[in-house]
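First up is the structure itself, then whatever we jot down about it.
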Amino acid sequence: MIEILSRTELGRAKEAGALVANILHTLKGRAVVGTNLLDIDRWAKSMILEAGAVSCYVDYAPSFGRGPFGHYICTGVNDAVLHGLPTDYKLADGDLLTLDLAVLKDGIAADSAISFIVGESKPVESVAMIEATERALRAGIAAARPGARIGDLSYAIGSVLSEAGYPVNTEFGGHGIGSTMHQEPHVPNVGRPGRGYKLRPGLLLALEPWVMADTAQLVTDADGWTLRSATGCRTAHSEHTIAITDDGAEILTLPTLVS
C-alpha cells in the first residue's frame with residue numbers, strides 16, 4: 001500500500017515527527033556512561049504516553065522478528081545496527097549507541113534514528129562512520145522531489161556510503177510511512193537513477209542509511225530481533241521521515257526542543 005496524505009494529514013504528520021525527534025533529542029542527552037538501556041526504554045514509554053501517542057513497536061510482530069517486540073524503542077550498541085531489543089546493559093565510555101523510534105500520533109506515524117558516541121572517548125573510525133550515514137541521509141533527502149523516482153534517492157544514498165568505503169546491505173532500507181509504520185515503496189540504500197516509483201506530493205518516506213564497518217552481512221541475536229554485524233564490527237544508522245512537497249522534501253523529524 002502507498003498512501004498519499006491530505007493537507008490535514010500532513011499537519012498531523014508534522015506533529016508526530018516533532019514528537020519523535022524531541023524524544024530522541026531528550027534521550028540522547030540522558031544517555032551517559034552508566035545509563036541502562038532498560039531505563040532508556042522506560043523513559044521513551046513515559047514520553048510517548050504523556051504525549052497521547054502510541055508506540056509502533058510494542059505490538060509489532062513482523063515475519064522477520066520473534067514478535068511481538070515488546071519495547072518502546074530500539075537500542076543498538078556497537079555491533080547492533082537494527083531492531084536492537086533493549087536489555088539490562090549499562091552504557092560504557094566510547095560505546096556507539098543507535099536509538100530508533102517510531103510512534104503513531106493522531107493516526108499518523110513518524111520514524112527516526114540517530115547514532116552517537118557515549119561519554120568522552122570518540123573513536124575516530126566510529127565518528128567517521130556516523131558522519132557517513134548522516135551525509136548519505138542528506139543526499140537522499142536532496143534527491144527527493146516530485147517526479148523523482150525511488151532509484152534516484154537510493155542512488156544518492158548508496159553513492160555516499162560506497163564512496164566512504166562501506167559495504168552496503170540491501171536486506172533492509174527505507175520505506176513508505178503514513179497511517180502505519182512500514183508501507184510501500186521500499187527505499188533500498190543502493191539503486192539506479194530513473195528507476196522505481198515516481199514521487200508525488202503528499203507521500204511520506206522514512207529514509208534510513210545504515211552501514212557496518214567492514215561487512216554487509218547481518219546475524220540475528222538469540223533474542224530473535226537484534227541484528228548485528230557478522231564480523232562484530234561497529235555499525236551506524238541515521239533516519240528521517242520526510243514529506244514530499246511541491247517544492248521538494250520537508251524533514252518532519254527535526255527536534256524543536258532547545259538544548
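Simple scheme: letters A, B, ... for chains in C-alpha cells order, numbers from 1 for residues in each chain, numbers from 1 for ligands in the order shown.
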If we count only C-alpha atoms and set the cut-off at 8 Å, which residues sit around Pro167 in chain A, ignoring sequence neighbours fewer than 2 positions away in its own chain? Please answer as number ranges by chain.
A: 161-162, 165, 169, 211-216
Create the file for the chosen residues now, containing all heavy atoms and written as an mmCIF file, in the first residue's frame.
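Generated file (part.cif):
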data_model
loop_
_atom_site.group_PDB
_atom_site.id
_atom_site.type_symbol
_atom_site.label_atom_id
_atom_site.label_comp_id
_atom_site.auth_asym_id
_atom_site.auth_seq_id
_atom_site.Cartn_x
_atom_site.Cartn_y
_atom_site.Cartn_z
ATOM 1 N N LEU A 161 27.653 6.269 0.672
ATOM 2 C CA LEU A 161 28.139 5.179 1.534
ATOM 3 C C LEU A 161 29.286 4.428 0.867
ATOM 4 O O LEU A 161 30.289 4.108 1.520
ATOM 5 C CB LEU A 161 26.989 4.222 1.859
ATOM 6 C CG LEU A 161 25.813 4.815 2.633
ATOM 7 C CD1 LEU A 161 24.736 3.758 2.858
ATOM 8 C CD2 LEU A 161 26.262 5.409 3.968
ATOM 9 N N SER A 162 29.141 4.155 -0.412
ATOM 10 C CA SER A 162 30.193 3.417 -1.124
ATOM 11 C C SER A 162 31.468 4.237 -1.249
ATOM 12 O O SER A 162 32.580 3.720 -1.075
ATOM 13 C CB SER A 162 29.695 3.012 -2.516
ATOM 14 O OG SER A 162 28.617 2.108 -2.411
ATOM 15 N N GLY A 165 33.599 4.055 1.582
ATOM 16 C CA GLY A 165 34.292 2.788 1.769
ATOM 17 C C GLY A 165 33.528 1.725 2.522
ATOM 18 O O GLY A 165 34.122 0.716 2.927
ATOM 19 N N ASN A 169 24.420 -3.195 2.754
ATOM 20 C CA ASN A 169 23.466 -4.295 2.822
ATOM 21 C C ASN A 169 22.150 -3.858 2.192
ATOM 22 O O ASN A 169 21.704 -2.725 2.392
ATOM 23 C CB ASN A 169 23.257 -4.694 4.286
ATOM 24 C CG ASN A 169 22.213 -5.772 4.466
ATOM 25 O OD1 ASN A 169 21.020 -5.525 4.335
ATOM 26 N ND2 ASN A 169 22.660 -6.963 4.795
ATOM 27 N N VAL A 211 25.100 1.351 7.969
ATOM 28 C CA VAL A 211 26.252 0.596 7.490
ATOM 29 C C VAL A 211 26.907 -0.156 8.630
ATOM 30 O O VAL A 211 26.702 0.140 9.811
ATOM 31 C CB VAL A 211 27.321 1.509 6.834
ATOM 32 C CG1 VAL A 211 26.799 2.105 5.542
ATOM 33 C CG2 VAL A 211 27.786 2.589 7.793
ATOM 34 N N MET A 212 27.711 -1.118 8.232
ATOM 35 C CA MET A 212 28.597 -1.838 9.142
ATOM 36 C C MET A 212 30.012 -1.620 8.633
ATOM 37 O O MET A 212 30.241 -1.565 7.419
ATOM 38 C CB MET A 212 28.214 -3.314 9.173
ATOM 39 C CG MET A 212 26.773 -3.528 9.635
ATOM 40 S SD MET A 212 26.197 -5.253 9.572
ATOM 41 C CE MET A 212 25.882 -5.452 7.808
ATOM 42 N N ALA A 213 30.961 -1.490 9.525
ATOM 43 C CA ALA A 213 32.294 -1.002 9.159
ATOM 44 C C ALA A 213 32.990 -1.841 8.102
ATOM 45 O O ALA A 213 33.634 -1.296 7.201
ATOM 46 C CB ALA A 213 33.177 -0.902 10.407
ATOM 47 N N ASP A 214 32.876 -3.181 8.175
ATOM 48 C CA ASP A 214 33.675 -3.994 7.264
ATOM 49 C C ASP A 214 32.923 -5.182 6.661
ATOM 50 O O ASP A 214 33.545 -6.107 6.139
ATOM 51 C CB ASP A 214 34.947 -4.494 7.967
ATOM 52 C CG ASP A 214 34.655 -5.381 9.188
ATOM 53 O OD1 ASP A 214 33.514 -5.878 9.319
ATOM 54 O OD2 ASP A 214 35.572 -5.572 10.001
ATOM 55 N N THR A 215 31.599 -5.170 6.718
ATOM 56 C CA THR A 215 30.830 -6.278 6.172
ATOM 57 C C THR A 215 29.449 -5.801 5.742
ATOM 58 O O THR A 215 28.984 -4.753 6.197
ATOM 59 C CB THR A 215 30.675 -7.410 7.219
ATOM 60 O OG1 THR A 215 29.991 -8.523 6.613
ATOM 61 C CG2 THR A 215 29.886 -6.937 8.428
ATOM 62 N N ALA A 216 28.816 -6.572 4.881
ATOM 63 C CA ALA A 216 27.420 -6.313 4.533
ATOM 64 C C ALA A 216 26.516 -7.416 5.069
ATOM 65 O O ALA A 216 25.320 -7.428 4.802
ATOM 66 C CB ALA A 216 27.262 -6.222 3.017
#
Find the residues around range 67-71 of chain A up to 7 Å (only C-alpha atoms counted), leave out those fewer than 3 positions away in its own chain, and share them as number ranges by chain.
A: 41, 57-62
Save out the residues we just selected, N, CA, C and O atoms, as a PDB file, in the first residue's frame.
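Result saved to selection07.pdb:
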ATOM      1  N   ASP A  41      14.414   2.729  27.526  1.00  0.00           N
ATOM      2  CA  ASP A  41      13.121   2.224  27.075  1.00  0.00           C
ATOM      3  C   ASP A  41      11.990   2.749  27.959  1.00  0.00           C
ATOM      4  O   ASP A  41      10.923   3.149  27.464  1.00  0.00           O
ATOM      5  N   TYR A  57       6.093  -0.012  18.128  1.00  0.00           N
ATOM      6  CA  TYR A  57       6.950  -1.168  18.346  1.00  0.00           C
ATOM      7  C   TYR A  57       6.390  -2.228  19.298  1.00  0.00           C
ATOM      8  O   TYR A  57       6.638  -3.411  19.101  1.00  0.00           O
ATOM      9  N   VAL A  58       5.684  -1.822  20.333  1.00  0.00           N
ATOM     10  CA  VAL A  58       5.323  -2.752  21.410  1.00  0.00           C
ATOM     11  C   VAL A  58       4.639  -4.015  20.869  1.00  0.00           C
ATOM     12  O   VAL A  58       5.000  -5.127  21.234  1.00  0.00           O
ATOM     13  N   ASP A  59       3.656  -3.837  20.009  1.00  0.00           N
ATOM     14  CA  ASP A  59       2.907  -4.982  19.485  1.00  0.00           C
ATOM     15  C   ASP A  59       3.375  -5.407  18.094  1.00  0.00           C
ATOM     16  O   ASP A  59       2.731  -6.239  17.450  1.00  0.00           O
ATOM     17  N   TYR A  60       4.479  -4.847  17.637  1.00  0.00           N
ATOM     18  CA  TYR A  60       4.971  -5.120  16.282  1.00  0.00           C
ATOM     19  C   TYR A  60       5.477  -6.556  16.188  1.00  0.00           C
ATOM     20  O   TYR A  60       6.334  -6.981  16.970  1.00  0.00           O
ATOM     21  N   ALA A  61       4.956  -7.315  15.231  1.00  0.00           N
ATOM     22  CA  ALA A  61       5.331  -8.723  15.101  1.00  0.00           C
ATOM     23  C   ALA A  61       5.445  -9.119  13.634  1.00  0.00           C
ATOM     24  O   ALA A  61       4.636  -9.883  13.109  1.00  0.00           O
ATOM     25  N   PRO A  62       6.467  -8.604  12.920  1.00  0.00           N
ATOM     26  CA  PRO A  62       6.646  -8.955  11.506  1.00  0.00           C
ATOM     27  C   PRO A  62       7.248 -10.348  11.357  1.00  0.00           C
ATOM     28  O   PRO A  62       7.684 -10.969  12.325  1.00  0.00           O
TER      29      PRO A  62
END
Find the spatial neighbours of Lys45 in chain A, counting only C-alpha atoms, within a cut-off of 12 Å - ignore same-chain residues fewer than 2 positions away - and output them as a PyMOL selection string.
chain A and resi 20+23-24+27+38-43+47-58+70-74+101-103
Restricting it to N, CA and C atoms, dump the selection as a PDB file, in the first residue's frame.
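Generated file (part34.pdb):
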ATOM      1  N   VAL A  20       8.657  12.503  17.782  1.00  0.00           N
ATOM      2  CA  VAL A  20       9.739  11.517  17.684  1.00  0.00           C
ATOM      3  C   VAL A  20      11.097  12.189  17.850  1.00  0.00           C
ATOM      4  N   ILE A  23      11.733  13.377  21.465  1.00  0.00           N
ATOM      5  CA  ILE A  23      12.030  12.262  22.376  1.00  0.00           C
ATOM      6  C   ILE A  23      13.464  11.787  22.165  1.00  0.00           C
ATOM      7  N   LEU A  24      13.878  11.616  20.917  1.00  0.00           N
ATOM      8  CA  LEU A  24      15.256  11.187  20.653  1.00  0.00           C
ATOM      9  C   LEU A  24      16.261  12.214  21.166  1.00  0.00           C
ATOM     10  N   LEU A  27      16.448  11.758  24.931  1.00  0.00           N
ATOM     11  CA  LEU A  27      17.116  10.510  25.298  1.00  0.00           C
ATOM     12  C   LEU A  27      18.617  10.577  25.038  1.00  0.00           C
ATOM     13  N   LEU A  38      17.451  -0.374  29.586  1.00  0.00           N
ATOM     14  CA  LEU A  38      16.064  -0.538  30.020  1.00  0.00           C
ATOM     15  C   LEU A  38      15.496   0.773  30.551  1.00  0.00           C
ATOM     16  N   ASP A  39      16.357   1.627  31.109  1.00  0.00           N
ATOM     17  CA  ASP A  39      15.900   2.953  31.536  1.00  0.00           C
ATOM     18  C   ASP A  39      15.550   3.808  30.319  1.00  0.00           C
ATOM     19  N   ILE A  40      16.358   3.703  29.263  1.00  0.00           N
ATOM     20  CA  ILE A  40      16.045   4.444  28.038  1.00  0.00           C
ATOM     21  C   ILE A  40      14.686   4.021  27.508  1.00  0.00           C
ATOM     22  N   ASP A  41      14.414   2.729  27.526  1.00  0.00           N
ATOM     23  CA  ASP A  41      13.121   2.224  27.075  1.00  0.00           C
ATOM     24  C   ASP A  41      11.990   2.749  27.959  1.00  0.00           C
ATOM     25  N   ARG A  42      12.231   2.768  29.250  1.00  0.00           N
ATOM     26  CA  ARG A  42      11.211   3.254  30.192  1.00  0.00           C
ATOM     27  C   ARG A  42      10.934   4.734  29.976  1.00  0.00           C
ATOM     28  N   TRP A  43      11.989   5.527  29.750  1.00  0.00           N
ATOM     29  CA  TRP A  43      11.806   6.967  29.506  1.00  0.00           C
ATOM     30  C   TRP A  43      11.043   7.187  28.207  1.00  0.00           C
ATOM     31  N   MET A  47       7.405   9.215  27.789  1.00  0.00           N
ATOM     32  CA  MET A  47       7.205  10.392  26.936  1.00  0.00           C
ATOM     33  C   MET A  47       6.176  10.140  25.835  1.00  0.00           C
ATOM     34  N   ILE A  48       6.143   8.934  25.312  1.00  0.00           N
ATOM     35  CA  ILE A  48       5.155   8.589  24.291  1.00  0.00           C
ATOM     36  C   ILE A  48       3.742   8.662  24.873  1.00  0.00           C
ATOM     37  N   LEU A  49       3.560   8.052  26.036  1.00  0.00           N
ATOM     38  CA  LEU A  49       2.230   8.014  26.642  1.00  0.00           C
ATOM     39  C   LEU A  49       1.790   9.395  27.108  1.00  0.00           C
ATOM     40  N   GLU A  50       2.725  10.173  27.653  1.00  0.00           N
ATOM     41  CA  GLU A  50       2.388  11.528  28.097  1.00  0.00           C
ATOM     42  C   GLU A  50       1.920  12.399  26.931  1.00  0.00           C
ATOM     43  N   ALA A  51       2.419  12.124  25.737  1.00  0.00           N
ATOM     44  CA  ALA A  51       2.044  12.908  24.552  1.00  0.00           C
ATOM     45  C   ALA A  51       0.747  12.413  23.915  1.00  0.00           C
ATOM     46  N   GLY A  52       0.164  11.366  24.475  1.00  0.00           N
ATOM     47  CA  GLY A  52      -1.051  10.813  23.897  1.00  0.00           C
ATOM     48  C   GLY A  52      -0.805  10.062  22.604  1.00  0.00           C
ATOM     49  N   ALA A  53       0.407   9.575  22.436  1.00  0.00           N
ATOM     50  CA  ALA A  53       0.778   8.844  21.232  1.00  0.00           C
ATOM     51  C   ALA A  53       0.793   7.343  21.514  1.00  0.00           C
ATOM     52  N   VAL A  54       1.026   6.579  20.464  1.00  0.00           N
ATOM     53  CA  VAL A  54       1.040   5.124  20.549  1.00  0.00           C
ATOM     54  C   VAL A  54       2.355   4.604  19.989  1.00  0.00           C
ATOM     55  N   SER A  55       2.966   3.663  20.674  1.00  0.00           N
ATOM     56  CA  SER A  55       4.197   3.059  20.179  1.00  0.00           C
ATOM     57  C   SER A  55       3.911   2.219  18.943  1.00  0.00           C
ATOM     58  N   CYS A  56       4.786   2.334  17.950  1.00  0.00           N
ATOM     59  CA  CYS A  56       4.696   1.459  16.772  1.00  0.00           C
ATOM     60  C   CYS A  56       5.401   0.132  17.006  1.00  0.00           C
ATOM     61  N   TYR A  57       6.093  -0.012  18.128  1.00  0.00           N
ATOM     62  CA  TYR A  57       6.950  -1.168  18.346  1.00  0.00           C
ATOM     63  C   TYR A  57       6.390  -2.228  19.298  1.00  0.00           C
ATOM     64  N   VAL A  58       5.684  -1.822  20.333  1.00  0.00           N
ATOM     65  CA  VAL A  58       5.323  -2.752  21.410  1.00  0.00           C
ATOM     66  C   VAL A  58       4.639  -4.015  20.869  1.00  0.00           C
ATOM     67  N   GLY A  70       7.666  -5.834  22.046  1.00  0.00           N
ATOM     68  CA  GLY A  70       7.503  -5.707  23.494  1.00  0.00           C
ATOM     69  C   GLY A  70       8.194  -4.537  24.159  1.00  0.00           C
ATOM     70  N   HIS A  71       8.846  -3.656  23.382  1.00  0.00           N
ATOM     71  CA  HIS A  71       9.517  -2.486  23.939  1.00  0.00           C
ATOM     72  C   HIS A  71       9.149  -1.253  23.116  1.00  0.00           C
ATOM     73  N   TYR A  72       9.562  -0.077  23.607  1.00  0.00           N
ATOM     74  CA  TYR A  72       9.123   1.188  23.036  1.00  0.00           C
ATOM     75  C   TYR A  72      10.156   1.842  22.135  1.00  0.00           C
ATOM     76  N   ILE A  73      11.383   1.348  22.154  1.00  0.00           N
ATOM     77  CA  ILE A  73      12.447   1.931  21.346  1.00  0.00           C
ATOM     78  C   ILE A  73      13.462   0.843  21.019  1.00  0.00           C
ATOM     79  N   CYS A  74      14.134   0.982  19.878  1.00  0.00           N
ATOM     80  CA  CYS A  74      15.229   0.087  19.530  1.00  0.00           C
ATOM     81  C   CYS A  74      16.532   0.711  20.009  1.00  0.00           C
ATOM     82  N   LEU A 101      13.268   5.125  16.803  1.00  0.00           N
ATOM     83  CA  LEU A 101      11.967   5.319  17.437  1.00  0.00           C
ATOM     84  C   LEU A 101      10.898   5.609  16.396  1.00  0.00           C
ATOM     85  N   ALA A 102       9.738   4.976  16.554  1.00  0.00           N
ATOM     86  CA  ALA A 102       8.583   5.266  15.701  1.00  0.00           C
ATOM     87  C   ALA A 102       7.338   5.323  16.579  1.00  0.00           C
ATOM     88  N   VAL A 103       6.525   6.353  16.365  1.00  0.00           N
ATOM     89  CA  VAL A 103       5.274   6.483  17.105  1.00  0.00           C
ATOM     90  C   VAL A 103       4.140   6.829  16.151  1.00  0.00           C
TER      91      VAL A 103
END
Residues within 9 Å of Gly107 in chain A, please, as number ranges by chain. Count only C-alpha atoms; anything in the same chain fewer than 5 positions from it doesn't count.
A: 9, 12-13, 178-180
Who sits within 8 Å of range 109-126 of chain A, only C-alpha atoms, same chain under 2 positions skipped, as a PyMOL selection string
chain A and resi 13+16-17+20-21+24+31-33+56+91-105+107+128-130+177-181+206+208+234-241+252-253
Could you go through range 133-224 of chain A and tell me which residues DSSP, when run on the backbone, assigns to alpha helix (DSSP H), listing them as a ChimeraX atom specification?
/A:133-142,150-163
Could the residues in this selection be saved with N, CA and C atoms as a PDB file, in the first residue's frame?
ATOM      1  N   THR A 133      26.784   8.089   7.389  1.00  0.00           N
ATOM      2  CA  THR A 133      25.336   7.824   7.286  1.00  0.00           C
ATOM      3  C   THR A 133      24.545   9.122   7.281  1.00  0.00           C
ATOM      4  N   GLU A 134      25.015  10.117   8.008  1.00  0.00           N
ATOM      5  CA  GLU A 134      24.324  11.415   8.022  1.00  0.00           C
ATOM      6  C   GLU A 134      24.445  12.118   6.670  1.00  0.00           C
ATOM      7  N   ARG A 135      25.624  12.040   6.058  1.00  0.00           N
ATOM      8  CA  ARG A 135      25.798  12.627   4.725  1.00  0.00           C
ATOM      9  C   ARG A 135      24.921  11.914   3.699  1.00  0.00           C
ATOM     10  N   ALA A 136      24.875  10.600   3.807  1.00  0.00           N
ATOM     11  CA  ALA A 136      24.047   9.828   2.882  1.00  0.00           C
ATOM     12  C   ALA A 136      22.575  10.187   3.041  1.00  0.00           C
ATOM     13  N   LEU A 137      22.153  10.393   4.276  1.00  0.00           N
ATOM     14  CA  LEU A 137      20.761  10.785   4.527  1.00  0.00           C
ATOM     15  C   LEU A 137      20.470  12.134   3.894  1.00  0.00           C
ATOM     16  N   ARG A 138      21.381  13.079   4.062  1.00  0.00           N
ATOM     17  CA  ARG A 138      21.182  14.400   3.444  1.00  0.00           C
ATOM     18  C   ARG A 138      21.125  14.289   1.919  1.00  0.00           C
ATOM     19  N   ALA A 139      21.947  13.414   1.347  1.00  0.00           N
ATOM     20  CA  ALA A 139      21.957  13.243  -0.106  1.00  0.00           C
ATOM     21  C   ALA A 139      20.634  12.657  -0.591  1.00  0.00           C
ATOM     22  N   GLY A 140      20.112  11.688   0.134  1.00  0.00           N
ATOM     23  CA  GLY A 140      18.835  11.097  -0.235  1.00  0.00           C
ATOM     24  C   GLY A 140      17.705  12.103  -0.165  1.00  0.00           C
ATOM     25  N   ILE A 141      17.725  12.936   0.879  1.00  0.00           N
ATOM     26  CA  ILE A 141      16.697  13.966   1.037  1.00  0.00           C
ATOM     27  C   ILE A 141      16.796  14.998  -0.085  1.00  0.00           C
ATOM     28  N   ALA A 142      18.012  15.372  -0.439  1.00  0.00           N
ATOM     29  CA  ALA A 142      18.206  16.361  -1.503  1.00  0.00           C
ATOM     30  C   ALA A 142      17.691  15.858  -2.849  1.00  0.00           C
ATOM     31  N   ILE A 150      12.257   6.524  -6.872  1.00  0.00           N
ATOM     32  CA  ILE A 150      12.911   5.920  -5.713  1.00  0.00           C
ATOM     33  C   ILE A 150      14.369   5.606  -6.018  1.00  0.00           C
ATOM     34  N   GLY A 151      14.642   5.151  -7.239  1.00  0.00           N
ATOM     35  CA  GLY A 151      16.025   4.834  -7.598  1.00  0.00           C
ATOM     36  C   GLY A 151      16.963   6.017  -7.503  1.00  0.00           C
ATOM     37  N   ASP A 152      16.422   7.237  -7.709  1.00  0.00           N
ATOM     38  CA  ASP A 152      17.255   8.437  -7.584  1.00  0.00           C
ATOM     39  C   ASP A 152      17.715   8.624  -6.139  1.00  0.00           C
ATOM     40  N   LEU A 153      16.804   8.404  -5.205  1.00  0.00           N
ATOM     41  CA  LEU A 153      17.137   8.537  -3.786  1.00  0.00           C
ATOM     42  C   LEU A 153      18.114   7.451  -3.366  1.00  0.00           C
ATOM     43  N   SER A 154      17.820   6.215  -3.790  1.00  0.00           N
ATOM     44  CA  SER A 154      18.680   5.089  -3.427  1.00  0.00           C
ATOM     45  C   SER A 154      20.090   5.274  -3.983  1.00  0.00           C
ATOM     46  N   TYR A 155      20.174   5.761  -5.218  1.00  0.00           N
ATOM     47  CA  TYR A 155      21.484   6.002  -5.827  1.00  0.00           C
ATOM     48  C   TYR A 155      22.257   7.064  -5.055  1.00  0.00           C
ATOM     49  N   ALA A 156      21.577   8.141  -4.669  1.00  0.00           N
ATOM     50  CA  ALA A 156      22.244   9.217  -3.929  1.00  0.00           C
ATOM     51  C   ALA A 156      22.768   8.707  -2.593  1.00  0.00           C
ATOM     52  N   ILE A 157      21.951   7.921  -1.900  1.00  0.00           N
ATOM     53  CA  ILE A 157      22.362   7.368  -0.606  1.00  0.00           C
ATOM     54  C   ILE A 157      23.533   6.405  -0.776  1.00  0.00           C
ATOM     55  N   GLY A 158      23.368   5.449  -1.685  1.00  0.00           N
ATOM     56  CA  GLY A 158      24.392   4.425  -1.868  1.00  0.00           C
ATOM     57  C   GLY A 158      25.715   4.977  -2.350  1.00  0.00           C
ATOM     58  N   SER A 159      25.670   6.030  -3.176  1.00  0.00           N
ATOM     59  CA  SER A 159      26.912   6.625  -3.677  1.00  0.00           C
ATOM     60  C   SER A 159      27.749   7.179  -2.539  1.00  0.00           C
ATOM     61  N   VAL A 160      27.109   7.852  -1.595  1.00  0.00           N
ATOM     62  CA  VAL A 160      27.842   8.410  -0.450  1.00  0.00           C
ATOM     63  C   VAL A 160      28.441   7.294   0.399  1.00  0.00           C
ATOM     64  N   LEU A 161      27.653   6.269   0.672  1.00  0.00           N
ATOM     65  CA  LEU A 161      28.139   5.179   1.534  1.00  0.00           C
ATOM     66  C   LEU A 161      29.286   4.428   0.867  1.00  0.00           C
ATOM     67  N   SER A 162      29.141   4.155  -0.412  1.00  0.00           N
ATOM     68  CA  SER A 162      30.193   3.417  -1.124  1.00  0.00           C
ATOM     69  C   SER A 162      31.468   4.237  -1.249  1.00  0.00           C
ATOM     70  N   GLU A 163      31.325   5.519  -1.544  1.00  0.00           N
ATOM     71  CA  GLU A 163      32.496   6.389  -1.666  1.00  0.00           C
ATOM     72  C   GLU A 163      33.240   6.514  -0.340  1.00  0.00           C
TER      73      GLU A 163
END
Applying 7 Å and only C-alpha atoms, which residues near range 221-229 of chain A remain after dropping the ones on its own chain fewer than 3 positions away? List them as a VMD selection string.
chain A and resid 65 to 66 79 to 85 212 215 217 to 218 232 to 233
Output as JSON lines one row per residue of range 121-193 of chain A within 7 Å of range 248-251 of chain A: the closest atom pair and its distance in Å to one decimal place, counting only C-alpha atoms, sorted by chain and residue number ascending.
{"residue": "A:Ile141", "atom": "CA", "partner": "A:Ala249", "partner_atom": "CA", "distance": 6.5}
{"residue": "A:Ala144", "atom": "CA", "partner": "A:Ala249", "partner_atom": "CA", "distance": 5.7}
{"residue": "A:Arg145", "atom": "CA", "partner": "A:Gly248", "partner_atom": "CA", "distance": 4.1}
{"residue": "A:Pro146", "atom": "CA", "partner": "A:Gly248", "partner_atom": "CA", "distance": 6.5}
Expected file contents, prior selection, all heavy atoms, as a tab-separated table (two decimals), in the first residue's frame:
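Saved result, selection.tsv, follows:
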chain	number	residue	atom	x	y	z
A	141	ILE	N	17.72	12.94	0.88
A	141	ILE	CA	16.70	13.97	1.04
A	141	ILE	C	16.80	15.00	-0.09
A	141	ILE	O	15.79	15.43	-0.64
A	141	ILE	CB	16.82	14.63	2.42
A	141	ILE	CG1	16.50	13.61	3.52
A	141	ILE	CG2	15.90	15.85	2.52
A	141	ILE	CD1	16.83	14.09	4.93
A	144	ALA	N	15.05	14.00	-3.21
A	144	ALA	CA	13.62	13.74	-3.11
A	144	ALA	C	12.81	14.97	-3.53
A	144	ALA	O	12.88	16.02	-2.89
A	144	ALA	CB	13.27	13.34	-1.68
A	145	ARG	N	12.04	14.81	-4.59
A	145	ARG	CA	11.19	15.90	-5.09
A	145	ARG	C	10.13	15.28	-6.00
A	145	ARG	O	10.31	14.15	-6.49
A	145	ARG	CB	12.02	16.91	-5.88
A	145	ARG	CG	12.74	16.32	-7.07
A	145	ARG	CD	13.69	17.30	-7.71
A	145	ARG	NE	14.36	16.71	-8.88
A	145	ARG	CZ	15.41	15.91	-8.81
A	145	ARG	NH1	15.94	15.61	-7.63
A	145	ARG	NH2	15.94	15.41	-9.92
A	146	PRO	N	9.05	15.99	-6.27
A	146	PRO	CA	8.02	15.45	-7.16
A	146	PRO	C	8.61	15.10	-8.52
A	146	PRO	O	9.39	15.87	-9.09
A	146	PRO	CB	7.01	16.59	-7.26
A	146	PRO	CG	7.20	17.39	-6.02
A	146	PRO	CD	8.66	17.31	-5.72
Go through range 15-207 of chain A and collect every residue that DSSP, computed from the backbone, puts in strand (DSSP E or B); the answer should be as an MDAnalysis selection string.
chainID A and resid 36 54:55 74:77 80:82 90 96:105 108:117 149 174:176 183:187 198 204:207
Quick one: pull the distance between CA of Gly176 in chain A and CA of Asn189 in chain A, Å, one decimal.
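Between these atoms lies a distance of 13.8 Å.
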Using only C-alpha atoms, can you tell me which of A:Pro201, A:Gly173, A:Gly34, A:Pro185 comes closest to Ala243 in chain A?
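That would be A:Pro201, the residue with the smallest distance to Ala243 in chain A.
The interatomic distance for the pair CA of Asp246 in chain A and CA of Trp210 in chain A works out to 28.1 Å.
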Which one of A:Thr231, A:Phe172, A:Glu131, A:Ala164 sits closest to Phe64 in chain A if you count only C-alpha atoms?
A:Phe172
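Going from CA of Thr170 in chain A to CA of Ala148 in chain A covers 20.7 Å.
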